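Let me begin by presenting the structure, written as structure tokens, before commenting on it.
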Amino acid sequence: MKKIILLLLITATVFTTWSCAKGNGETSSSNSDTINDSTLCQFNNIDTDKKFAYVDDEGDTLYFNNSFSAFWPQIINGKPCNELQLALLRAMTDSTGFNQLDKVVEFLLDPSNYTELNADRLIPVNAVKQDEGKLSTSDINVNLQTMDDRLLTYHLGTYSYMAGAAHGIYANNYVTYDLKTEKAVKFEDVIADTTLLRTAILKAIKQTYQYDKDDLFFPDNGLLPLPRDFYFEDLVFHAVYQVYEIASYAQGAIDAPIYPYMLKPEEMKRLFTPYGLELINYTE
């Protein structure tokens, strides 16, 4: 569920310069293309869409209305952020095969890349008919969620609906970037004990949603799957499960925050690596 922007592809790009977070987590913005201060950050506001018509074998015309928007990072703390950009590209495509934003946007907006439709039958159009039975939509939003002195977290939200389906489907993916090391944070970087993590997540789910183990989906081995998505917010580690991963569509996505008070000090030290403890600023 990203680089120098091609003006022919991106229909609206606005350059915004921000003063990076300093202690209190606050930022300020100004309209400028010039970076004069090493504490500044620069982002591109990107907003684009593509519409298609498609004639199937029965002669019916189907329509697609796909959009992409992003608050795209260009400069962080006065320096380029190539590692952050690559991490976002990989999160959007679940692949290491892309290294340019324009190629990723083109890929994500083209229905033939995520359906079995014949690409030769897709016809770009300026408008689509708002026929719920024949209109499919896809919306992708890449936004800065939080930023403090140490960590920057991006949220990648996706919603898609295929014509004729009972309902749409959505996903919430995250990229956490360490401003000190200038690298994206990986799961194995911060979690040391996955057995204890499963216990902590179940406790967090119980506290947040009042769901017991019997309310969730488990594989045949009876073990809670490890989360494929996570993020940090306010010095708290969040384990994230998409719709249908461990719960029904009605229950929705699961976001389980593991607060330090939920575990004993010795358990916190077992659960997190020294680096992970550093990121949550843990002290007994």
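Here's how to read the names in the structure tokens: chain A, B, ... by the order shown, residue numbers from 1 in each chain, ligand numbers from 1 in the order shown.
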
Residues of stretch 106-153 of chain A at most 8 Å from stretch 68-78 of chain A: nearest atom pair and distance in Å, only C-alpha atoms, as CSV:
residue,atom,partner,partner_atom,distance
A:Leu109,CA,A:Phe68,CA,7.5
A:Asp139,CA,A:Phe68,CA,6.0
A:Ile140,CA,A:Phe68,CA,4.8
A:Asn141,CA,A:Ser69,CA,4.9
A:Val142,CA,A:Ala70,CA,4.4
A:Asn143,CA,A:Phe71,CA,5.2
A:Leu144,CA,A:Phe71,CA,6.6

Take the residues from that selection and write them out as a PDB file, in the first residue's frame, keeping C-alpha atoms.
ATOM      1  CA  LEU A 109      -2.773   5.713 -10.791  1.00  0.00           C
ATOM      2  CA  ASP A 139      -7.294   7.673  -3.251  1.00  0.00           C
ATOM      3  CA  ILE A 140      -3.732   7.715  -1.897  1.00  0.00           C
ATOM      4  CA  ASN A 141      -2.557  10.306   0.631  1.00  0.00           C
ATOM      5  CA  VAL A 142       1.032  10.619   1.884  1.00  0.00           C
ATOM      6  CA  ASN A 143       1.192  13.038   4.806  1.00  0.00           C
ATOM      7  CA  LEU A 144       3.539  14.063   7.580  1.00  0.00           C
TER       8      LEU A 144
END

Each residue of stretch 243-282 of chain A with at least one atom at most 10 Å from stretch 152-171 of chain A should appear once, together with its nearest atom pair and the corresponding distance in Å (one decimal); atoms considered: only C-alpha atoms; ordering: chain, then increasing residue number; output as CSV.
residue,atom,partner,partner_atom,distance
A:Val243,CA,A:Ala171,CA,7.1
A:Tyr244,CA,A:Ile169,CA,9.8
A:Tyr249,CA,A:Ile169,CA,8.6
A:Gly252,CA,A:Tyr170,CA,9.3
A:Ala253,CA,A:Ala171,CA,7.8

Written file, previous selection with N, CA, C and O atoms, as a compact mmCIF listing (two decimals), in the first residue's frame:
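Ended up saving to out33.txt:
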# COMPACT_ATOMS: atom_id res chain seq x y z
N VAL A 243 -7.05 -3.82 7.98
CA VAL A 243 -8.36 -4.48 7.95
C VAL A 243 -8.19 -5.92 7.47
O VAL A 243 -7.45 -6.18 6.51
N TYR A 244 -8.82 -6.84 8.16
CA TYR A 244 -8.81 -8.28 7.87
C TYR A 244 -7.54 -9.00 8.32
O TYR A 244 -7.48 -10.23 8.26
N TYR A 249 -13.87 -6.68 8.99
CA TYR A 249 -14.02 -5.35 8.40
C TYR A 249 -14.79 -4.43 9.35
O TYR A 249 -14.46 -3.25 9.48
N GLY A 252 -12.56 -3.14 11.92
CA GLY A 252 -11.65 -2.16 11.34
C GLY A 252 -10.19 -2.46 11.57
O GLY A 252 -9.81 -3.53 12.07
N ALA A 253 -9.35 -1.49 11.21
CA ALA A 253 -7.91 -1.61 11.44
C ALA A 253 -7.63 -1.55 12.94
O ALA A 253 -8.38 -0.93 13.70

Which of these residues is nearest to A:Thr146, using only C-alpha atoms: A:Phe237, A:Tyr275, A:Phe232, A:Tyr209? A:Phe232

Selection: 10 Å around A:Asp234, only C-alpha atoms, excl. self and same-chain fewer than 5 positions, as a PyMOL selection string: chain A and resi 146-148+151+280

Option closest in space to A:Leu86, from A:Leu117, A:Val175, A:Leu202, A:Ile123 [counting only C-alpha atoms]: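 Smallest separation from A:Leu86 among the options: A:Val175.
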
List every residue of stretch 44-281 of chain A that DSSP, applied to the backbone of this structure, assigns to strand (DSSP E or B), and report them as JSON, numbers by chain. {"A": [44, 45, 46, 47, 48, 49, 50, 51, 52, 53, 54, 55, 61, 62, 63, 64, 65, 66, 67, 68, 69, 70, 71, 72, 73, 74, 75, 76, 79, 80, 122, 123, 124, 135, 136, 137, 138, 139, 140, 141, 142, 143, 144, 145, 146, 147, 151, 152, 153, 154, 155, 156, 157, 158, 159, 160, 161, 169, 170, 171, 172, 173, 174, 175, 176, 177, 178, 183, 184, 191, 229, 230, 231, 232, 233, 236, 237, 238, 239, 240, 241, 254, 255, 256, 257, 258, 272]}

Would you save the residues of that selection, restricted to C-alpha atoms, as a PDB file, in the first residue's frame?
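Contents of selection_31.pdb, freshly written:
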ATOM      1  CA  ASN A  44       6.355  19.729  -2.011  1.00  0.00           C
ATOM      2  CA  ASN A  45       2.571  19.756  -1.935  1.00  0.00           C
ATOM      3  CA  ILE A  46       1.527  17.333  -4.678  1.00  0.00           C
ATOM      4  CA  ASP A  47      -2.029  16.782  -5.862  1.00  0.00           C
ATOM      5  CA  THR A  48      -2.825  14.900  -9.054  1.00  0.00           C
ATOM      6  CA  ASP A  49      -5.371  12.484 -10.493  1.00  0.00           C
ATOM      7  CA  LYS A  50      -6.098  10.369 -13.539  1.00  0.00           C
ATOM      8  CA  LYS A  51      -9.414   9.230 -14.982  1.00  0.00           C
ATOM      9  CA  PHE A  52      -9.967   6.315 -17.334  1.00  0.00           C
ATOM     10  CA  ALA A  53     -12.742   4.640 -19.307  1.00  0.00           C
ATOM     11  CA  TYR A  54     -12.589   0.922 -20.052  1.00  0.00           C
ATOM     12  CA  VAL A  55     -14.811  -1.127 -22.375  1.00  0.00           C
ATOM     13  CA  THR A  61     -18.007   0.914 -20.131  1.00  0.00           C
ATOM     14  CA  LEU A  62     -16.307   0.986 -16.738  1.00  0.00           C
ATOM     15  CA  TYR A  63     -14.769   4.092 -15.210  1.00  0.00           C
ATOM     16  CA  PHE A  64     -11.814   4.747 -12.922  1.00  0.00           C
ATOM     17  CA  ASN A  65     -11.154   7.898 -10.922  1.00  0.00           C
ATOM     18  CA  ASN A  66      -7.772   7.680  -9.160  1.00  0.00           C
ATOM     19  CA  SER A  67      -6.039  10.388  -7.147  1.00  0.00           C
ATOM     20  CA  PHE A  68      -2.727  10.905  -5.377  1.00  0.00           C
ATOM     21  CA  SER A  69      -1.680  13.607  -2.932  1.00  0.00           C
ATOM     22  CA  ALA A  70       1.469  14.020  -0.878  1.00  0.00           C
ATOM     23  CA  PHE A  71       3.320  16.393   1.393  1.00  0.00           C
ATOM     24  CA  TRP A  72       6.587  15.255  -0.103  1.00  0.00           C
ATOM     25  CA  PRO A  73       9.880  15.781   1.784  1.00  0.00           C
ATOM     26  CA  GLN A  74      12.702  17.496  -0.074  1.00  0.00           C
ATOM     27  CA  ILE A  75      14.901  19.003   2.651  1.00  0.00           C
ATOM     28  CA  ILE A  76      14.998  17.935   6.316  1.00  0.00           C
ATOM     29  CA  LYS A  79      19.838  18.528   4.128  1.00  0.00           C
ATOM     30  CA  PRO A  80      18.460  16.281   1.364  1.00  0.00           C
ATOM     31  CA  LEU A 122      -7.771   1.932 -20.851  1.00  0.00           C
ATOM     32  CA  ILE A 123      -8.641   5.303 -22.337  1.00  0.00           C
ATOM     33  CA  PRO A 124      -7.655   8.488 -20.437  1.00  0.00           C
ATOM     34  CA  LEU A 135     -17.195   3.557 -11.139  1.00  0.00           C
ATOM     35  CA  SER A 136     -14.053   2.439  -9.323  1.00  0.00           C
ATOM     36  CA  THR A 137     -12.008   4.849  -7.238  1.00  0.00           C
ATOM     37  CA  SER A 138      -8.616   4.962  -5.576  1.00  0.00           C
ATOM     38  CA  ASP A 139      -7.294   7.673  -3.251  1.00  0.00           C
ATOM     39  CA  ILE A 140      -3.732   7.715  -1.897  1.00  0.00           C
ATOM     40  CA  ASN A 141      -2.557  10.306   0.631  1.00  0.00           C
ATOM     41  CA  VAL A 142       1.032  10.619   1.884  1.00  0.00           C
ATOM     42  CA  ASN A 143       1.192  13.038   4.806  1.00  0.00           C
ATOM     43  CA  LEU A 144       3.539  14.063   7.580  1.00  0.00           C
ATOM     44  CA  GLN A 145       1.907  12.838  10.786  1.00  0.00           C
ATOM     45  CA  THR A 146       4.320  13.928  13.519  1.00  0.00           C
ATOM     46  CA  MET A 147       7.787  15.401  13.862  1.00  0.00           C
ATOM     47  CA  LEU A 151      11.592  11.225  14.957  1.00  0.00           C
ATOM     48  CA  LEU A 152       9.526  12.051  11.905  1.00  0.00           C
ATOM     49  CA  THR A 153       6.530   9.847  11.076  1.00  0.00           C
ATOM     50  CA  TYR A 154       4.724   9.678   7.758  1.00  0.00           C
ATOM     51  CA  HIS A 155       1.230   8.251   7.314  1.00  0.00           C
ATOM     52  CA  LEU A 156       0.329   6.633   3.993  1.00  0.00           C
ATOM     53  CA  GLY A 157      -3.443   6.321   3.716  1.00  0.00           C
ATOM     54  CA  THR A 158      -5.089   4.380   0.909  1.00  0.00           C
ATOM     55  CA  TYR A 159      -8.751   3.894   0.082  1.00  0.00           C
ATOM     56  CA  SER A 160      -9.999   1.982  -2.942  1.00  0.00           C
ATOM     57  CA  TYR A 161     -13.355   0.804  -4.212  1.00  0.00           C
ATOM     58  CA  ILE A 169     -11.051  -1.168   1.467  1.00  0.00           C
ATOM     59  CA  TYR A 170      -8.538   1.044   3.199  1.00  0.00           C
ATOM     60  CA  ALA A 171      -5.019   0.740   4.576  1.00  0.00           C
ATOM     61  CA  ASN A 172      -2.842   2.740   6.949  1.00  0.00           C
ATOM     62  CA  ASN A 173       0.903   2.382   6.452  1.00  0.00           C
ATOM     63  CA  TYR A 174       3.677   4.251   8.195  1.00  0.00           C
ATOM     64  CA  VAL A 175       7.300   5.255   7.785  1.00  0.00           C
ATOM     65  CA  THR A 176       9.276   6.429  10.811  1.00  0.00           C
ATOM     66  CA  TYR A 177      12.492   8.336  10.128  1.00  0.00           C
ATOM     67  CA  ASP A 178      15.272   8.961  12.648  1.00  0.00           C
ATOM     68  CA  LYS A 183      17.638   6.498   8.319  1.00  0.00           C
ATOM     69  CA  ALA A 184      14.206   4.917   8.305  1.00  0.00           C
ATOM     70  CA  ILE A 191      12.006  -4.882  18.874  1.00  0.00           C
ATOM     71  CA  ASP A 229       3.270  -1.752  10.247  1.00  0.00           C
ATOM     72  CA  PHE A 230       4.268   0.331  13.243  1.00  0.00           C
ATOM     73  CA  TYR A 231       5.037   3.896  14.208  1.00  0.00           C
ATOM     74  CA  PHE A 232       6.073   6.036  17.176  1.00  0.00           C
ATOM     75  CA  GLU A 233       3.998   8.903  18.523  1.00  0.00           C
ATOM     76  CA  VAL A 236       4.896   5.398  22.379  1.00  0.00           C
ATOM     77  CA  PHE A 237       5.302   2.407  20.053  1.00  0.00           C
ATOM     78  CA  HIS A 238       2.145   1.609  18.049  1.00  0.00           C
ATOM     79  CA  ALA A 239       1.610  -1.820  16.474  1.00  0.00           C
ATOM     80  CA  VAL A 240      -0.699  -1.564  13.452  1.00  0.00           C
ATOM     81  CA  TYR A 241      -2.798  -4.240  11.727  1.00  0.00           C
ATOM     82  CA  ILE A 254      -6.181  -2.224  14.762  1.00  0.00           C
ATOM     83  CA  ASP A 255      -3.789   0.359  16.234  1.00  0.00           C
ATOM     84  CA  ALA A 256      -2.363  -0.936  19.514  1.00  0.00           C
ATOM     85  CA  PRO A 257      -0.247   1.546  21.551  1.00  0.00           C
ATOM     86  CA  ILE A 258       2.148  -0.084  24.027  1.00  0.00           C
ATOM     87  CA  PHE A 272      12.889  -3.184  23.113  1.00  0.00           C
TER      88      PHE A 272
END

For a test of reading the model, state the distance in Å between atom CA of A:Lys269 and atom CA of A:Thr208, rounded to one decimal.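 Separation between atom CA of A:Lys269 and atom CA of A:Thr208: 22.9 Å.
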
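Excluding A:Glu284 itself and same-chain residues fewer than 4 positions from it, the residues having an atom within 12 Å of it are A:Pro260, A:Tyr261, A:Leu263, A:Lys264, A:Pro265, A:Glu266, A:Glu267, A:Met268, A:Lys269, A:Leu277, counting only C-alpha atoms.
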
Requested write-out: all heavy atoms of the selected residues, as an mmCIF file, in the first residue's frame:
data_model
loop_
_atom_site.group_PDB
_atom_site.id
_atom_site.type_symbol
_atom_site.label_atom_id
_atom_site.label_comp_id
_atom_site.auth_asym_id
_atom_site.auth_seq_id
_atom_site.Cartn_x
_atom_site.Cartn_y
_atom_site.Cartn_z
ATOM 1 N N PRO A 260 4.483 2.431 28.327
ATOM 2 C CA PRO A 260 5.460 1.870 29.269
ATOM 3 C C PRO A 260 4.840 1.348 30.558
ATOM 4 O O PRO A 260 5.323 0.358 31.120
ATOM 5 C CB PRO A 260 6.397 3.056 29.537
ATOM 6 C CG PRO A 260 6.331 3.859 28.289
ATOM 7 C CD PRO A 260 4.902 3.757 27.831
ATOM 8 N N TYR A 261 3.767 1.976 31.044
ATOM 9 C CA TYR A 261 3.176 1.542 32.308
ATOM 10 C C TYR A 261 2.505 0.178 32.208
ATOM 11 O O TYR A 261 2.190 -0.451 33.226
ATOM 12 C CB TYR A 261 2.161 2.577 32.812
ATOM 13 C CG TYR A 261 0.914 2.720 31.976
ATOM 14 C CD1 TYR A 261 -0.127 1.788 32.048
ATOM 15 C CD2 TYR A 261 0.749 3.803 31.122
ATOM 16 C CE1 TYR A 261 -1.269 1.921 31.285
ATOM 17 C CE2 TYR A 261 -0.383 3.950 30.349
ATOM 18 C CZ TYR A 261 -1.392 3.003 30.439
ATOM 19 O OH TYR A 261 -2.531 3.140 29.679
ATOM 20 N N LEU A 263 3.893 -2.506 31.120
ATOM 21 C CA LEU A 263 4.873 -3.560 31.332
ATOM 22 C C LEU A 263 5.786 -3.220 32.495
ATOM 23 O O LEU A 263 5.991 -2.046 32.827
ATOM 24 C CB LEU A 263 5.724 -3.747 30.064
ATOM 25 C CG LEU A 263 4.987 -4.152 28.785
ATOM 26 C CD1 LEU A 263 5.939 -4.117 27.603
ATOM 27 C CD2 LEU A 263 4.358 -5.527 28.931
ATOM 28 N N LYS A 264 6.345 -4.246 33.088
ATOM 29 C CA LYS A 264 7.313 -4.047 34.161
ATOM 30 C C LYS A 264 8.624 -3.533 33.551
ATOM 31 O O LYS A 264 8.889 -3.773 32.368
ATOM 32 C CB LYS A 264 7.564 -5.359 34.903
ATOM 33 C CG LYS A 264 6.331 -5.929 35.584
ATOM 34 C CD LYS A 264 6.638 -7.284 36.211
ATOM 35 C CE LYS A 264 5.387 -7.874 36.862
ATOM 36 N NZ LYS A 264 5.657 -9.220 37.443
ATOM 37 N N PRO A 265 9.440 -2.843 34.331
ATOM 38 C CA PRO A 265 10.720 -2.324 33.795
ATOM 39 C C PRO A 265 11.581 -3.388 33.140
ATOM 40 O O PRO A 265 12.161 -3.151 32.081
ATOM 41 C CB PRO A 265 11.385 -1.738 35.043
ATOM 42 C CG PRO A 265 10.258 -1.336 35.918
ATOM 43 C CD PRO A 265 9.206 -2.385 35.724
ATOM 44 N N GLU A 266 11.641 -4.574 33.764
ATOM 45 C CA GLU A 266 12.472 -5.619 33.161
ATOM 46 C C GLU A 266 11.871 -6.114 31.843
ATOM 47 O O GLU A 266 12.591 -6.552 30.937
ATOM 48 C CB GLU A 266 12.657 -6.797 34.135
ATOM 49 C CG GLU A 266 11.358 -7.447 34.618
ATOM 50 C CD GLU A 266 10.828 -6.836 35.909
ATOM 51 O OE1 GLU A 266 11.137 -5.660 36.180
ATOM 52 O OE2 GLU A 266 10.108 -7.563 36.639
ATOM 53 N N GLU A 267 10.529 -6.050 31.727
ATOM 54 C CA GLU A 267 9.887 -6.445 30.475
ATOM 55 C C GLU A 267 10.145 -5.405 29.384
ATOM 56 O O GLU A 267 10.349 -5.771 28.218
ATOM 57 C CB GLU A 267 8.382 -6.617 30.692
ATOM 58 C CG GLU A 267 8.015 -7.820 31.548
ATOM 59 C CD GLU A 267 6.533 -7.927 31.796
ATOM 60 O OE1 GLU A 267 5.867 -6.879 31.984
ATOM 61 O OE2 GLU A 267 6.018 -9.071 31.812
ATOM 62 N N MET A 268 10.119 -4.142 29.735
ATOM 63 C CA MET A 268 10.432 -3.097 28.767
ATOM 64 C C MET A 268 11.840 -3.288 28.207
ATOM 65 O O MET A 268 12.073 -3.133 27.003
ATOM 66 C CB MET A 268 10.304 -1.719 29.417
ATOM 67 C CG MET A 268 8.877 -1.282 29.695
ATOM 68 S SD MET A 268 7.947 -0.949 28.166
ATOM 69 C CE MET A 268 8.811 0.509 27.559
ATOM 70 N N LYS A 269 12.769 -3.647 29.060
ATOM 71 C CA LYS A 269 14.154 -3.832 28.623
ATOM 72 C C LYS A 269 14.321 -5.095 27.781
ATOM 73 O O LYS A 269 15.246 -5.188 26.986
ATOM 74 C CB LYS A 269 15.081 -3.888 29.845
ATOM 75 C CG LYS A 269 15.174 -2.546 30.577
ATOM 76 C CD LYS A 269 16.074 -2.641 31.794
ATOM 77 C CE LYS A 269 16.169 -1.322 32.526
ATOM 78 N NZ LYS A 269 17.031 -1.408 33.729
ATOM 79 N N LEU A 277 14.670 1.597 23.125
ATOM 80 C CA LEU A 277 14.501 2.300 24.398
ATOM 81 C C LEU A 277 14.935 3.761 24.277
ATOM 82 O O LEU A 277 14.350 4.649 24.880
ATOM 83 C CB LEU A 277 15.288 1.587 25.499
ATOM 84 C CG LEU A 277 14.786 0.181 25.881
ATOM 85 C CD1 LEU A 277 15.781 -0.469 26.852
ATOM 86 C CD2 LEU A 277 13.404 0.267 26.531
#

Residue with smallest distance to A:Thr283 - pool A:Lys180, A:Leu235, A:Leu101, A:Ala247, counting only C-alpha atoms: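 Among the listed residues, A:Leu235 lies closest to A:Thr283.
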